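Visitor: Pasting upload_2.txt here (compact mmCIF, C-alpha atoms):
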# COMPACT_ATOMS: atom_id res chain seq x y z
CA MET A 13 12.28 -4.68 16.55
CA ILE A 14 11.20 -6.32 13.28
CA LYS A 15 9.75 -9.35 15.07
CA GLU A 16 7.91 -7.03 17.45
CA ALA A 17 6.40 -5.14 14.52
CA LEU A 18 5.22 -8.39 12.92
CA THR A 19 3.72 -9.58 16.21
CA PHE A 20 2.03 -6.21 16.79
CA ALA A 21 0.62 -6.11 13.23
CA ARG A 22 -0.53 -9.74 13.47
CA GLN A 23 -2.41 -8.95 16.70
CA ALA A 24 -3.84 -5.69 15.34
CA HIS A 25 -5.14 -7.39 12.19
CA GLU A 26 -6.38 -10.49 14.07
CA GLY A 27 -9.63 -11.69 12.54
CA GLN A 28 -9.22 -9.57 9.40
CA HIS A 29 -9.00 -11.27 6.02
CA ARG A 30 -8.09 -10.16 2.52
CA LYS A 31 -11.22 -9.26 0.60
CA TYR A 32 -10.87 -11.61 -2.35
CA THR A 33 -8.82 -14.51 -1.09
CA GLY A 34 -9.98 -14.80 2.49
CA GLU A 35 -6.38 -15.26 3.61
CA PRO A 36 -5.39 -13.72 6.96
CA TYR A 37 -4.74 -10.01 6.38
CA ILE A 38 -1.23 -10.22 7.84
CA GLU A 39 -0.11 -12.12 4.72
CA HIS A 40 -0.26 -8.84 2.77
CA PRO A 41 2.24 -6.97 5.00
CA ILE A 42 4.42 -10.09 5.08
CA ARG A 43 4.59 -10.01 1.25
CA LEU A 44 5.56 -6.32 1.37
CA VAL A 45 8.43 -7.11 3.73
CA GLU A 46 9.60 -9.95 1.47
CA THR A 47 9.53 -7.56 -1.50
CA LEU A 48 11.49 -4.92 0.44
CA LYS A 49 14.12 -7.48 1.38
CA THR A 50 15.02 -7.76 -2.33
CA ILE A 51 16.32 -4.17 -2.37
CA PRO A 52 18.36 -1.94 -0.04
CA HIS A 53 16.20 -1.29 3.04
CA THR A 54 16.34 -0.35 6.69
CA GLU A 55 14.92 -2.01 9.77
CA ALA A 56 12.51 0.93 10.11
CA MET A 57 11.21 0.31 6.57
CA LEU A 58 10.53 -3.36 7.32
CA CYS A 59 8.76 -2.47 10.56
CA ALA A 60 6.67 0.20 8.82
CA ALA A 61 5.77 -2.27 6.05
CA TYR A 62 4.37 -4.66 8.65
CA LEU A 63 2.50 -1.79 10.31
CA HIS A 64 1.48 0.19 7.21
CA ASP A 65 -2.26 -0.54 7.48
CA VAL A 66 -2.79 -0.79 11.24
CA VAL A 67 -3.82 2.83 11.77
CA GLU A 68 -6.06 2.77 8.68
CA ASP A 69 -7.74 -0.58 9.34
CA THR A 70 -7.67 -1.15 13.12
CA PRO A 71 -8.25 0.86 16.32
CA VAL A 72 -4.47 1.40 16.70
CA THR A 73 -3.44 5.08 16.76
CA HIS A 74 -0.34 6.87 15.52
CA ALA A 75 0.47 7.71 19.14
CA GLN A 76 0.51 4.02 20.02
CA ILE A 77 2.84 3.28 17.11
CA GLU A 78 5.20 6.05 18.19
CA GLU A 79 5.15 4.95 21.82
CA LYS A 80 5.93 1.33 20.95
CA PHE A 81 8.22 1.74 17.91
CA GLY A 82 9.64 5.26 18.06
CA LYS A 83 9.45 8.40 15.96
CA GLU A 84 11.04 7.11 12.73
CA ILE A 85 8.75 4.11 12.30
CA ALA A 86 5.74 6.18 13.40
CA ARG A 87 6.62 8.82 10.79
CA LEU A 88 6.75 6.19 8.05
CA VAL A 89 3.44 4.66 9.13
CA HIS A 90 1.91 8.14 9.24
CA GLU A 91 3.14 8.86 5.70
CA LEU A 92 1.67 5.54 4.51
CA THR A 93 -1.72 6.08 6.13
CA ASP A 94 -4.24 7.48 3.65
CA GLU A 95 -5.34 10.99 4.56
CA TYR A 96 -8.04 11.52 1.94
CA ILE A 97 -10.55 8.92 3.08
CA LYS A 98 -14.31 9.03 2.62
CA GLU A 99 -14.98 9.47 6.36
CA LYS A 100 -12.80 12.61 6.56
CA TYR A 101 -13.78 14.01 3.15
CA PRO A 102 -17.37 12.95 2.45
CA ASN A 103 -17.86 15.79 -0.03
CA LEU A 104 -15.09 14.51 -2.31
CA ASN A 105 -15.82 11.65 -4.70
CA ARG A 106 -13.42 8.72 -4.99
CA ARG A 107 -11.64 10.19 -8.03
CA GLU A 108 -10.99 13.49 -6.24
CA ARG A 109 -9.81 11.74 -3.06
CA LYS A 110 -7.42 9.47 -4.98
CA LYS A 111 -6.04 12.45 -6.92
CA LYS A 112 -5.37 14.37 -3.70
CA GLU A 113 -3.87 11.27 -2.08
CA ALA A 114 -1.48 10.76 -4.99
CA ALA A 115 -0.42 14.42 -4.77
CA ARG A 116 0.17 14.02 -1.03
CA GLN A 117 2.16 10.83 -1.51
CA ALA A 118 4.37 12.51 -4.13
CA ASN A 119 5.85 14.42 -1.17
CA MET A 120 6.52 11.39 1.03
CA SER A 121 10.02 10.34 2.03
CA THR A 122 11.99 8.02 -0.24
CA GLU A 123 11.53 5.22 2.29
CA ALA A 124 7.75 5.64 2.44
CA LYS A 125 7.52 5.80 -1.37
CA THR A 126 9.49 2.57 -1.58
CA ILE A 127 7.16 0.80 0.86
CA LYS A 128 4.14 2.15 -1.03
CA LEU A 129 5.56 0.82 -4.29
CA ALA A 130 5.71 -2.67 -2.73
CA ASP A 131 2.09 -2.15 -1.64
CA VAL A 132 1.03 -1.19 -5.18
CA ILE A 133 2.75 -4.27 -6.62
CA ASP A 134 0.96 -6.63 -4.24
CA ASN A 135 -2.46 -4.98 -4.43
CA THR A 136 -2.43 -4.61 -8.22
CA ARG A 137 -1.82 -8.32 -8.72
CA ASP A 138 -4.52 -9.23 -6.20
CA ILE A 139 -7.22 -6.94 -7.59
CA LEU A 140 -6.54 -7.78 -11.23
CA LYS A 141 -6.74 -11.49 -10.48
CA ASN A 142 -9.88 -11.32 -8.35
CA ASP A 143 -12.05 -8.36 -9.43
CA LYS A 144 -11.71 -7.23 -13.03
CA ASP A 145 -14.69 -4.87 -12.72
CA PHE A 146 -13.11 -2.95 -9.83
CA ALA A 147 -9.72 -3.21 -11.52
CA ARG A 148 -11.02 -1.02 -14.36
CA ARG A 149 -11.27 1.86 -11.87
CA TYR A 150 -8.34 0.83 -9.67
CA ILE A 151 -5.63 0.39 -12.31
CA PRO A 152 -5.81 4.01 -13.62
CA GLU A 153 -5.63 5.18 -10.00
CA MET A 154 -2.51 3.09 -9.50
CA GLU A 155 -1.01 4.40 -12.72
CA ALA A 156 -1.32 7.96 -11.37
CA LEU A 157 -0.05 6.89 -7.95
CA VAL A 158 3.02 5.14 -9.35
CA GLU A 159 3.91 8.34 -11.19
CA ALA A 160 3.69 10.17 -7.86
CA LEU A 161 5.98 7.59 -6.25
CA GLN A 162 8.97 8.44 -8.45
CA GLY A 163 11.91 8.83 -6.13
CA GLY A 164 11.24 5.58 -4.31
CA ASN A 165 13.50 2.63 -5.01
CA PHE A 166 14.01 2.49 -8.78
CA LYS A 167 13.79 -1.32 -9.03
CA LEU A 168 10.42 -1.33 -7.24
CA PHE A 169 9.30 1.68 -9.24
CA MET A 170 9.97 -0.26 -12.45
CA ARG A 171 8.24 -3.36 -11.07
CA ALA A 172 5.19 -1.28 -10.09
CA CYS A 173 5.13 0.31 -13.56
CA TYR A 174 5.33 -3.15 -15.10
CA GLU A 175 2.52 -4.57 -12.93
CA VAL A 176 0.23 -1.62 -13.65
CA GLN A 177 0.92 -1.66 -17.41
CA LYS A 178 0.52 -5.44 -17.53
CA ALA A 179 -2.82 -5.07 -15.73
CA LYS A 180 -3.94 -2.36 -18.18
CA LEU A 181 -3.09 -4.60 -21.11
CA GLU A 182 -4.91 -7.57 -19.59
CA LEU A 183 -8.01 -5.44 -18.99
CA GLN A 184 -7.91 -4.14 -22.57
CA GLU A 185 -7.55 -7.68 -23.92
CA SER A 186 -10.44 -8.95 -21.81
CA ARG A 187 -12.59 -6.05 -23.04
CA LEU A 188 -11.76 -6.88 -26.65
CA LYS A 189 -12.77 -10.52 -26.15
CA LYS A 190 -16.28 -9.51 -25.09
Could you render the structure from this file as structure tokens?
Guide:
Amino acid sequence: MIKEALTFARQAHEGQHRKYTGEPYIEHPIRLVETLKTIPHTEAMLCAAYLHDVVEDTPVTHAQIEEKFGKEIARLVHELTDEYIKEKYPNLNRRERKKKEAARQANMSTEAKTIKLADVIDNTRDILKNDKDFARRYIPEMEALVEALQGGNFKLFMRACYEVQKAKLELQESRLKK
């Protein structure tokens, strides 16, 4: 099932590239899976990590995920799919949407929180390295989100806290140098 999830995600994200690096998008979910393999995990978690952005970023639907991968994986992907997006909530500004999203994610399952922590770790590193201006807005959002993800795997929770705090420090230091 894990290989099928990777193949499905690779096909769904075909032609998509990471914003800053230009690498094929699938490399991001692959890194999440590698991170999850360092802690206790389930096959469903690895599958959902590969698939975590397909509903958000491709034409794939939740129904298609459930049909192909079953209820458990579909539930995890559903939990990991942002609800408070600009298209659904145009009257909310980014800060309000991110606040509501963090509150929603505080109620996710332990497994989904753990996958999301791996996502935060990977994205925080990428954004800090490649877009310091956006990072100034993004890092405080991730700080609030990591707090909401308490209850996920503790090792990844601590790594996410470390990455976010390290990013905050680096941004403060770069501001002081100006």
Visitor: Smallest atom-to-atom distance to Leu168 (chain A): which of A:Ala21, A:Ile42, A:Leu181, A:Ile51, using only C-alpha atoms?
Guide: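 Distance minimum relative to Leu168 (chain A) lands on A:Ile51.
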Visitor: So the first atom is CA of Ile127 (chain A) and the second is CA of Gly27 (chain A); what is the distance between them in Å, to one decimal place?
Guide: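 CA of Ile127 (chain A) sits 24.0 Å away from CA of Gly27 (chain A).
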Visitor: Out of A:Ala179, A:Met120, A:Leu188, A:Ala115, which residue has the shortest atom-to-atom distance to Glu159 (chain A) when counting only C-alpha atoms?
Guide: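 Ranked by minimum distance to Glu159 (chain A), first place goes to A:Ala115.
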Visitor: Between CA of Ile133 (chain A) and CA of Lys98 (chain A), what is the distance, to one decimal in Å?
Guide: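 Atom-to-atom, CA of Ile133 (chain A) and CA of Lys98 (chain A) are spaced 23.5 Å apart.
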Visitor: CA of Gln117 (chain A) and CA of Asp94 (chain A) are how many Å apart?
Guide: 8.9 Å
Visitor: With a distance cut-off of 8 Å and all atoms listed in the file, select the neighbouring residues of Ala130 (chain A), excluding the residue or stretch itself and same-chain residues fewer than 5 positions from it, and output the selection as a ChimeraX atom specification.
Guide: /A:44,47-48,168,172
Visitor: Next, dump the selected residues to file, keeping only C-alpha atoms, as a PDB file, in the frame of the given file.
Guide:
ATOM      1  CA  LEU A  44       5.560  -6.320   1.370  1.00  0.00           C
ATOM      2  CA  THR A  47       9.530  -7.560  -1.500  1.00  0.00           C
ATOM      3  CA  LEU A  48      11.490  -4.920   0.440  1.00  0.00           C
ATOM      4  CA  LEU A 168      10.420  -1.330  -7.240  1.00  0.00           C
ATOM      5  CA  ALA A 172       5.190  -1.280 -10.090  1.00  0.00           C
TER       6      ALA A 172
END
Visitor: So which one's closest to Arg43 (chain A), A:Asp134, A:Glu182, A:Glu153, A:Glu175? Using all atoms listed in the file, please.
Guide: A:Asp134
Visitor: Could you pull the residues within 10 Å of Ile139 (chain A), counting all atoms listed in the file, minus those fewer than 2 positions along the same chain, as a PDB file with C-alpha atoms, in the frame of the given file?
Guide:
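To be explicit, this is the file written out as part.pdb:
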ATOM      1  CA  LYS A  31     -11.220  -9.260   0.600  1.00  0.00           C
ATOM      2  CA  TYR A  32     -10.870 -11.610  -2.350  1.00  0.00           C
ATOM      3  CA  ASP A 134       0.960  -6.630  -4.240  1.00  0.00           C
ATOM      4  CA  ASN A 135      -2.460  -4.980  -4.430  1.00  0.00           C
ATOM      5  CA  THR A 136      -2.430  -4.610  -8.220  1.00  0.00           C
ATOM      6  CA  ARG A 137      -1.820  -8.320  -8.720  1.00  0.00           C
ATOM      7  CA  LYS A 141      -6.740 -11.490 -10.480  1.00  0.00           C
ATOM      8  CA  ASN A 142      -9.880 -11.320  -8.350  1.00  0.00           C
ATOM      9  CA  ASP A 143     -12.050  -8.360  -9.430  1.00  0.00           C
ATOM     10  CA  LYS A 144     -11.710  -7.230 -13.030  1.00  0.00           C
ATOM     11  CA  ASP A 145     -14.690  -4.870 -12.720  1.00  0.00           C
ATOM     12  CA  PHE A 146     -13.110  -2.950  -9.830  1.00  0.00           C
ATOM     13  CA  ALA A 147      -9.720  -3.210 -11.520  1.00  0.00           C
ATOM     14  CA  ARG A 148     -11.020  -1.020 -14.360  1.00  0.00           C
ATOM     15  CA  TYR A 150      -8.340   0.830  -9.670  1.00  0.00           C
ATOM     16  CA  ILE A 151      -5.630   0.390 -12.310  1.00  0.00           C
ATOM     17  CA  ALA A 179      -2.820  -5.070 -15.730  1.00  0.00           C
TER      18      ALA A 179
END
Visitor: Measuring atom to atom with only C-alpha atoms, identify which of A:Ala75, A:Ala160, A:His29, A:Thr126 is nearest to Lys112 (chain A).
Guide: A:Ala160
Visitor: Near region 59-69 of chain A, counting all atoms listed in the file, which residues have an atom at most 8 Å away, once you skip same-chain residues fewer than 3 positions from it, shown as a list in words?
Guide: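 Those residues are Met13, Ile14, Ala17, Leu18, Phe20, Ala21, Ala24, His25, Ile38, Pro41, Ile42, Leu44, Val45, Glu55, Ala56, Val72, Thr73, His74, Ile85, Ala86, Leu88, Val89, Leu92, Thr93, Asp94 and Ile127 of chain A.
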Visitor: List the spatial neighbours of Leu129 (chain A) as a list of chain:residue names - criterion: any atom at most 9 Å away, all atoms listed in the file, same-chain residues fewer than 5 positions off excluded.
Guide: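 Residues near the query, excluding close chain neighbours: A:Ala124, A:Asp134, A:Val158, A:Leu161, A:Gly164, A:Asn165, A:Leu168, A:Phe169, A:Arg171, A:Ala172.
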Visitor: Pick the closest to Glu84 (chain A) from A:Glu35, A:Glu123, A:Glu113, A:Asp138: which is it, counting only C-alpha atoms?
Guide: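 Result for the nearest residue to Glu84 (chain A): A:Glu123.
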Visitor: From the set A:Lys125, A:Ile97, A:Tyr37, A:Glu26, which residue has the shortest atom-to-atom contact distance to Met57 (chain A), counting all atoms listed in the file?
Guide: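 Of A:Lys125, A:Ile97, A:Tyr37, A:Glu26, the one nearest Met57 (chain A), counting all atoms listed in the file, is A:Lys125.
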Visitor: Draw an axis-aligned box over all listed atoms of region 143-148 of chain A, pad each side with 4 Å, and write its centre and edge lengths in Å, one decimal, as JSON.
Guide:
{"center_x": -12.2, "center_y": -4.7, "center_z": -11.9, "size_x": 13.0, "size_y": 15.3, "size_z": 12.9}
